[in-house]
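Source file: input-v3.cif. Holds: mmCIF, C-alpha atoms.
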data_model
#
loop_
_atom_site.label_atom_id
_atom_site.label_comp_id
_atom_site.auth_asym_id
_atom_site.auth_seq_id
_atom_site.Cartn_x
_atom_site.Cartn_y
_atom_site.Cartn_z
CA MET M 238 151.26 -55.96 -35.32
CA PRO M 239 149.81 -55.29 -31.80
CA ARG M 240 146.34 -56.36 -32.97
CA THR M 241 147.76 -59.61 -34.37
CA VAL M 242 149.57 -60.32 -31.11
CA SER M 243 146.38 -59.69 -29.12
CA ARG M 244 144.43 -62.08 -31.33
CA LEU M 245 147.07 -64.79 -30.93
CA LEU M 246 147.06 -64.32 -27.16
CA LEU M 247 143.26 -64.55 -26.96
CA ALA M 248 143.26 -67.63 -29.19
CA SER M 249 145.88 -69.31 -26.97
CA LEU M 250 143.88 -68.55 -23.82
CA GLY M 251 140.73 -69.90 -25.46
CA LEU M 252 142.43 -73.13 -26.50
CA GLY M 253 143.91 -73.49 -23.00
CA ALA M 254 140.49 -73.05 -21.38
CA LEU M 255 138.97 -75.56 -23.81
CA GLY M 256 141.70 -78.08 -22.99
CA LEU M 257 141.17 -77.68 -19.24
CA ALA M 258 137.42 -78.17 -19.68
CA GLY M 259 138.10 -81.65 -21.05
CA CYS M 260 140.28 -82.72 -18.10
CA SER M 261 139.07 -84.87 -15.21
CA ALA M 262 138.63 -83.37 -11.75
CA GLU M 263 141.77 -85.20 -10.56
CA THR M 264 143.86 -83.86 -13.45
CA THR M 265 142.52 -80.35 -12.97
CA ALA M 266 143.36 -80.52 -9.25
CA GLN M 267 146.90 -81.63 -10.05
CA LEU M 268 147.27 -78.78 -12.53
CA GLY M 269 146.17 -76.45 -9.75
CA ARG M 270 149.02 -77.85 -7.65
CA LEU M 271 151.38 -77.43 -10.64
CA GLY M 272 152.27 -81.11 -10.69
CA LEU M 273 152.55 -81.79 -6.96
CA PRO M 274 150.90 -84.98 -5.64
CA VAL M 275 148.08 -84.98 -3.11
CA ALA M 276 149.44 -83.74 0.22
CA ALA M 277 149.41 -86.13 3.18
CA SER M 278 151.29 -84.43 6.04
CA ASP M 279 151.11 -81.29 8.15
CA ARG M 280 154.45 -80.10 6.66
CA SER M 281 153.24 -80.31 3.05
CA PRO M 282 151.49 -76.89 2.91
CA TYR M 283 154.77 -75.05 3.58
CA THR M 284 156.47 -76.66 0.58
CA HIS M 285 153.31 -76.24 -1.49
CA HIS M 286 153.21 -72.49 -0.87
CA LEU M 287 156.91 -72.12 -1.74
CA TRP M 288 156.40 -74.15 -4.93
CA ILE M 289 153.40 -72.10 -6.08
CA GLY M 290 155.10 -68.83 -5.14
CA SER M 291 158.22 -69.77 -7.12
CA TRP M 292 156.11 -70.52 -10.19
CA ILE M 293 154.23 -67.23 -9.84
CA ALA M 294 157.57 -65.40 -9.71
CA ALA M 295 158.82 -67.38 -12.72
CA PHE M 296 155.67 -66.60 -14.71
CA GLY M 297 156.01 -62.93 -13.77
CA VAL M 298 159.60 -62.80 -14.98
CA GLY M 299 158.65 -64.68 -18.15
CA LEU M 300 155.81 -62.28 -18.95
CA LEU M 301 158.07 -59.29 -18.31
CA VAL M 302 160.83 -60.64 -20.56
CA TRP M 303 158.48 -61.65 -23.38
CA GLY M 304 156.66 -58.34 -23.05
CA MET M 305 159.93 -56.44 -23.46
CA ILE M 306 160.91 -58.58 -26.44
CA ILE M 307 157.57 -58.02 -28.18
CA TRP M 308 157.69 -54.30 -27.36
CA CYS M 309 161.19 -53.99 -28.85
CA VAL M 310 160.15 -55.93 -31.97
CA VAL M 311 157.15 -53.63 -32.49
CA ARG M 312 158.67 -50.33 -31.35
CA TYR M 313 161.99 -50.62 -33.14
CA ARG M 314 161.01 -52.53 -36.26
CA ARG M 315 162.68 -51.23 -39.40
CA ARG M 316 160.79 -48.41 -41.03
CA LYS M 317 163.42 -47.15 -43.45
CA PRO M 318 165.88 -48.96 -45.73
CA GLY M 319 169.47 -49.24 -44.61
CA VAL M 320 171.24 -50.27 -41.40
CA PRO M 321 169.84 -48.65 -38.24
CA ARG M 322 172.06 -46.73 -35.84
CA GLN M 323 174.12 -49.08 -33.68
CA ASN M 324 174.44 -48.58 -29.89
CA ARG M 325 177.35 -50.22 -28.11
CA TYR M 326 176.54 -49.52 -24.44
CA ASN M 327 173.48 -48.79 -22.34
CA LEU M 328 174.61 -48.40 -18.74
CA PRO M 329 171.14 -48.31 -17.07
CA ILE M 330 170.09 -51.55 -18.83
CA GLU M 331 173.35 -53.28 -17.96
CA ILE M 332 172.95 -52.32 -14.29
CA LEU M 333 169.34 -53.55 -14.40
CA TYR M 334 170.08 -57.02 -15.76
CA THR M 335 173.06 -57.38 -13.40
CA VAL M 336 171.33 -56.34 -10.16
CA THR M 337 167.88 -57.84 -10.79
CA PRO M 338 169.00 -61.53 -10.72
CA PHE M 339 170.72 -60.97 -7.35
CA ILE M 340 167.52 -59.47 -5.94
CA MET M 341 165.48 -62.42 -7.25
CA ILE M 342 167.92 -64.98 -5.81
CA GLY M 343 167.93 -63.17 -2.45
CA VAL M 344 164.12 -63.17 -2.24
CA LEU M 345 163.85 -66.86 -3.19
CA PHE M 346 166.62 -67.76 -0.72
CA TYR M 347 164.83 -65.87 2.08
CA PHE M 348 161.53 -67.70 1.55
CA THR M 349 163.33 -71.02 1.09
CA VAL M 350 165.03 -70.67 4.48
CA LEU M 351 161.72 -69.78 6.15
CA THR M 352 160.07 -72.83 4.58
CA GLN M 353 162.97 -75.11 5.50
CA ASP M 354 162.81 -74.04 9.16
CA LYS M 355 159.07 -74.83 9.30
CA VAL M 356 159.41 -78.16 7.49
CA GLN M 357 162.32 -79.34 9.66
CA ALA M 358 160.92 -78.12 12.99
CA LYS M 359 161.02 -80.82 15.67
CA VAL M 360 158.10 -81.98 17.78
CA GLN M 361 159.01 -81.86 21.46
CA HIS M 362 157.29 -85.15 22.33
CA PRO M 363 156.29 -87.11 19.19
CA ASP M 364 153.47 -89.62 19.60
CA HIS M 365 155.40 -92.30 17.70
CA VAL M 366 159.01 -93.03 16.79
CA VAL M 367 159.97 -95.17 13.80
CA THR M 368 163.56 -96.22 13.11
CA VAL M 369 163.98 -96.42 9.34
CA VAL M 370 166.84 -98.64 8.18
CA ALA M 371 167.94 -98.50 4.55
CA GLN M 372 170.05 -101.23 2.99
CA LYS M 373 170.73 -102.67 -0.44
CA TRP M 374 168.04 -103.17 -1.64
CA ASN M 375 165.02 -102.30 0.46
CA TRP M 376 163.79 -100.86 3.75
CA SER M 377 163.15 -101.95 7.32
CA PHE M 378 160.92 -100.18 9.84
CA ASN M 379 161.25 -100.54 13.60
CA TYR M 380 158.21 -99.23 15.48
CA GLU M 381 159.47 -98.02 18.86
CA GLU M 382 156.18 -98.60 20.67
CA ALA M 383 157.43 -100.12 23.95
CA ASP M 384 156.19 -97.06 25.88
CA ASN M 385 152.85 -96.97 24.09
CA PRO M 386 150.24 -98.42 26.48
CA ASP M 387 148.07 -99.48 23.52
CA VAL M 388 150.87 -101.60 22.03
CA GLY M 389 153.45 -102.24 24.74
CA THR M 390 156.30 -103.60 22.63
CA ALA M 391 158.61 -102.66 19.77
CA THR M 392 157.85 -104.34 16.46
CA TRP M 393 159.40 -104.36 13.01
CA GLU M 394 158.83 -105.27 9.37
CA SER M 395 161.17 -105.50 6.38
CA GLY M 396 160.99 -105.57 2.62
CA THR M 397 162.85 -107.29 -0.21
CA ILE M 398 163.32 -106.68 -3.92
CA GLU M 399 160.41 -108.99 -4.66
CA GLN M 400 158.19 -107.70 -1.85
CA PRO M 401 158.51 -103.98 -0.97
CA ALA M 402 158.19 -103.02 2.67
CA ASN M 403 155.04 -101.57 4.21
CA LEU M 404 155.10 -98.65 6.62
CA TYR M 405 152.01 -98.10 8.79
CA LEU M 406 151.30 -94.71 10.35
CA PRO M 407 148.30 -93.44 12.36
CA VAL M 408 146.55 -90.43 10.90
CA GLY M 409 146.58 -87.25 12.97
CA GLU M 410 149.41 -88.33 15.31
CA SER M 411 152.97 -86.99 15.18
CA VAL M 412 155.78 -89.31 14.07
CA ARG M 413 159.55 -89.01 14.29
CA PHE M 414 161.59 -90.94 11.72
CA ASN M 415 165.13 -91.82 12.79
CA LEU M 416 167.03 -92.62 9.59
CA LYS M 417 169.93 -95.07 9.45
CA SER M 418 171.86 -96.84 6.68
CA VAL M 419 173.92 -100.02 6.83
CA ASP M 420 175.88 -99.56 3.61
CA VAL M 421 175.71 -96.54 1.26
CA ILE M 422 173.84 -93.24 1.10
CA HIS M 423 170.12 -93.67 0.47
CA SER M 424 167.31 -91.11 0.65
CA PHE M 425 163.97 -91.53 2.42
CA TRP M 426 161.27 -89.98 0.24
CA VAL M 427 157.49 -90.05 0.37
CA PRO M 428 156.30 -87.67 -2.39
CA ALA M 429 152.96 -87.07 -0.64
CA PHE M 430 154.88 -85.67 2.36
CA TYR M 431 156.64 -83.11 0.10
CA GLU M 432 159.81 -83.89 1.99
CA LYS M 433 162.82 -86.18 1.75
CA LEU M 434 166.00 -86.65 3.73
CA ASP M 435 169.27 -88.46 3.03
CA VAL M 436 170.06 -91.64 4.95
CA VAL M 437 173.81 -91.50 5.53
CA PRO M 438 175.94 -94.30 7.09
CA GLY M 439 177.23 -93.28 10.50
CA ARG M 440 175.01 -90.21 10.71
CA ASN M 441 171.72 -89.93 12.59
CA ASN M 442 169.24 -87.91 10.55
CA SER M 443 165.63 -87.48 11.63
CA LEU M 444 162.46 -85.77 10.50
CA ASP M 445 159.15 -85.12 12.23
CA LEU M 446 155.68 -84.81 10.75
CA THR M 447 152.03 -85.67 11.28
CA PRO M 448 150.17 -87.70 8.62
CA THR M 449 146.93 -85.93 7.71
CA LYS M 450 145.24 -88.06 5.03
CA GLU M 451 144.30 -91.72 5.13
CA GLY M 452 145.28 -93.90 2.19
CA VAL M 453 148.18 -95.77 0.62
CA PHE M 454 151.05 -93.65 -0.68
CA ALA M 455 154.23 -94.52 -2.56
CA GLY M 456 157.65 -94.26 -0.98
CA LYS M 457 161.05 -94.68 -2.59
CA CYS M 458 164.77 -94.01 -2.41
CA ALA M 459 165.64 -90.66 -4.01
CA GLU M 460 169.41 -91.26 -4.09
CA LEU M 461 171.07 -93.29 -6.85
CA CYS M 462 172.46 -95.93 -4.50
CA GLY M 463 173.52 -98.72 -6.84
CA THR M 464 172.44 -101.45 -9.24
CA TYR M 465 169.02 -102.16 -7.72
CA HIS M 466 168.19 -98.60 -6.72
CA SER M 467 164.90 -98.86 -8.65
CA ALA M 468 163.79 -101.72 -6.36
CA MET M 469 164.00 -99.62 -3.20
CA LEU M 470 160.29 -99.00 -2.98
CA PHE M 471 157.88 -99.11 -0.06
CA ASN M 472 154.21 -98.40 0.62
CA VAL M 473 153.01 -95.98 3.29
CA HIS M 474 149.66 -96.95 4.83
CA ILE M 475 148.14 -94.02 6.71
CA VAL M 476 145.33 -95.54 8.76
CA SER M 477 143.17 -94.87 11.78
CA LYS M 478 144.63 -95.32 15.25
CA GLN M 479 142.66 -98.55 15.71
CA GLU M 480 144.00 -100.02 12.46
CA PHE M 481 147.53 -99.01 13.42
CA ILE M 482 147.29 -100.76 16.79
CA ALA M 483 145.80 -103.83 15.10
CA HIS M 484 148.73 -103.97 12.68
CA MET M 485 151.23 -103.72 15.56
CA LYS M 486 149.46 -106.67 17.18
CA GLU M 487 149.72 -108.63 13.94
CA LEU M 488 153.47 -108.07 13.83
CA GLU M 489 153.72 -109.13 17.47
CA ALA M 490 151.76 -112.31 16.72
CA LYS M 491 154.23 -113.11 13.92
CA GLY M 492 157.13 -112.82 16.37
CA GLN M 493 158.48 -109.65 14.75
CA THR M 494 159.20 -107.94 18.06
CA GLY M 495 162.14 -106.17 19.64
CA GLN M 496 164.92 -104.32 17.85
CA LEU M 497 166.15 -105.05 14.34
CA ARG M 498 169.72 -106.31 14.29
CA THR M 499 170.22 -104.87 10.81
CA LEU M 500 172.74 -102.21 11.83
CA GLN M 501 175.00 -104.83 13.41
CA ASN M 502 174.18 -107.59 10.93
CA PRO M 503 173.05 -106.49 7.45
CA ASP M 504 172.13 -110.09 6.60
CA ALA M 505 169.28 -109.85 9.14
CA VAL M 506 167.30 -108.41 6.24
CA PRO M 507 166.95 -110.60 3.12
CA GLN M 508 169.36 -109.57 0.39
CA ARG M 509 169.10 -109.85 -3.36
CA PRO M 510 169.32 -113.42 -4.72
CA GLU M 511 172.76 -112.88 -6.27
CA SER M 512 174.29 -112.17 -2.86
CA LYS M 513 173.14 -115.59 -1.60
CA GLN M 514 174.64 -117.31 -4.64
CA GLU M 515 177.91 -115.45 -4.18
CA GLY M 516 178.10 -116.63 -0.57
CA ARG M 517 177.81 -120.28 -1.49
#

Would you write the structure of this file as structure tokens?
Amino acid sequence: MPRTVSRLLLASLGLGALGLAGCSAETTAQLGRLGLPVAASDRSPYTHHLWIGSWIAAFGVGLLVWGMIIWCVVRYRRRKPGVPRQNRYNLPIEILYTVTPFIMIGVLFYFTVLTQDKVQAKVQHPDHVVTVVAQKWNWSFNYEEADNPDVGTATWESGTIEQPANLYLPVGESVRFNLKSVDVIHSFWVPAFYEKLDVVPGRNNSLDLTPTKEGVFAGKCAELCGTYHSAMLFNVHIVSKQEFIAHMKELEAKGQTGQLRTLQNPDAVPQRPESKQEGR
């Protein structure tokens, strides 16, 4: 029996290695991250390390449990006819499987709190501040750049169901997101940031981070907020500082300056077509 198990294990490892050899570099890299997307912020490594560590612990527990099962199957397999001797209690084993889960939960909780503190740490003087406004059924972004000598004015842009919003951020510069909602609870989530935060009406939530990788990344609402929840998408453009300033100038040229009036007037942002028909 042990020899058979060893052969099966070696065969499984061989097939796994063969399968990985046929994967693309991108797929292999994602497997190395255990499913996480490409990281794009300075806070991502903290969550990444917690994620990988949790999987290592899970694999360790799994190997231990399966090892004990296989050992019991081999060690205590029936050798003689008849019913084997029955044991009702085993106090050491019962103590083990009662105490061990509490130890595991305590260790995971400890590292989760450490990671949370690092991810949610605030920057004393962020380089940029963006007010994020969530409403049914898309997003608005107010760039608070009035004190930025390279821009000199606050600008904004909004999205609709048909045309998702775009959020522009400069790479390598810290950003504070002030999150606000005009109706129900939403959730601001950019998977590449490895972080999300609820957007709650009447409550001022905020998160700080520094984008670290140029490119276009998906953003979405991670809270089931209603009928058109699936339409609450936006695109995050992480660009150079020069491109960011140029985009702010484009918004200024379009007349999209000042503060959004969305919080006082939800209709300042285009609503879904049905809402217009209902108002007629």

Could you expand the PyMOL selection byres ((chain M and resi 404) around 6) into the explicit residues it covers here, written as a PDB file with C-alpha atoms, in the frame of the given file?
ATOM      1  CA  ASN M 403     155.040-101.570   4.210  1.00  0.00           C
ATOM      2  CA  TYR M 405     152.010 -98.100   8.790  1.00  0.00           C
ATOM      3  CA  VAL M 473     153.010 -95.980   3.290  1.00  0.00           C
ATOM      4  CA  HIS M 474     149.660 -96.950   4.830  1.00  0.00           C
TER       5      HIS M 474
END

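Nearest residue to Thr349 in chain M, choosing from M:Pro407, M:Gly304, M:Gly290, M:Gly463 and counting all atoms listed in the file: M:Gly290.
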
Hey, can you check how far CA of Ala459 in chain M sits from CA of Gln353 in chain M?
-> 18.4 Å

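The two atoms in question, CA of His285 in chain M and CA of Ala455 in chain M, are spaced 18.3 Å apart.
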
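Using all atoms listed in the file for every distance, the candidate list M:Cys309, M:Leu351, M:Leu488, M:Val370 yields M:Val370 as the residue closest to Asn441 in chain M.
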
Nearby residues (only C-alpha atoms) at most 9 Å from range 421-437 of chain M, same-chain spacing under 3 positions excluded, as JSON, numbers by chain = {"M": [273, 274, 275, 276, 277, 278, 279, 280, 281, 282, 283, 284, 285, 356, 369, 370, 371, 372, 373, 416, 417, 418, 440, 441, 442, 443, 444, 446, 448, 454, 455, 456, 457, 458, 459, 460, 461, 462, 463, 466, 472, 473]}

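Residues matched by the PyMOL selection byres ((chain M and resi 391) around 6) in this file: Tyr380, Glu381, Glu382, Ala383, Thr390, Thr392, Thr494 and Gly495 of chain M.
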
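Atom pair CA of Glu480 in chain M / CA of Asp364 in chain M has a distance of 15.8 Å (rounded to one decimal).
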
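Distances from M:Val311, M:Val453, M:Val388, M:Val419 to Lys486 in chain M were compared using all atoms listed in the file, and the smallest one belongs to M:Val388.
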
Hey, what's within 6 Å of Thr368 in chain M if we count all atoms listed in the file and toss same-chain stuff fewer than 3 positions away? As an NGL selection string, please?
-> :M and (378-379 or 414-415)

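Using only C-alpha atoms, the smallest distance between any of M:Ile398, M:Leu287, M:Leu301, M:Ala483 and Asn375 in chain M comes from M:Ile398.
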
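Among the candidates M:Gln400, M:Phe481, M:Thr499, M:Leu406, the residue lying nearest to Asp420 in chain M is M:Thr499 (atoms considered: all atoms listed in the file).
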
Apply the PyMOL selection byres ((chain M and resi 362) around 12) to the structure shown and report the selected residues as a PyMOL selection string.
-> chain M and resi 359-361+363-366+410-413+445-446
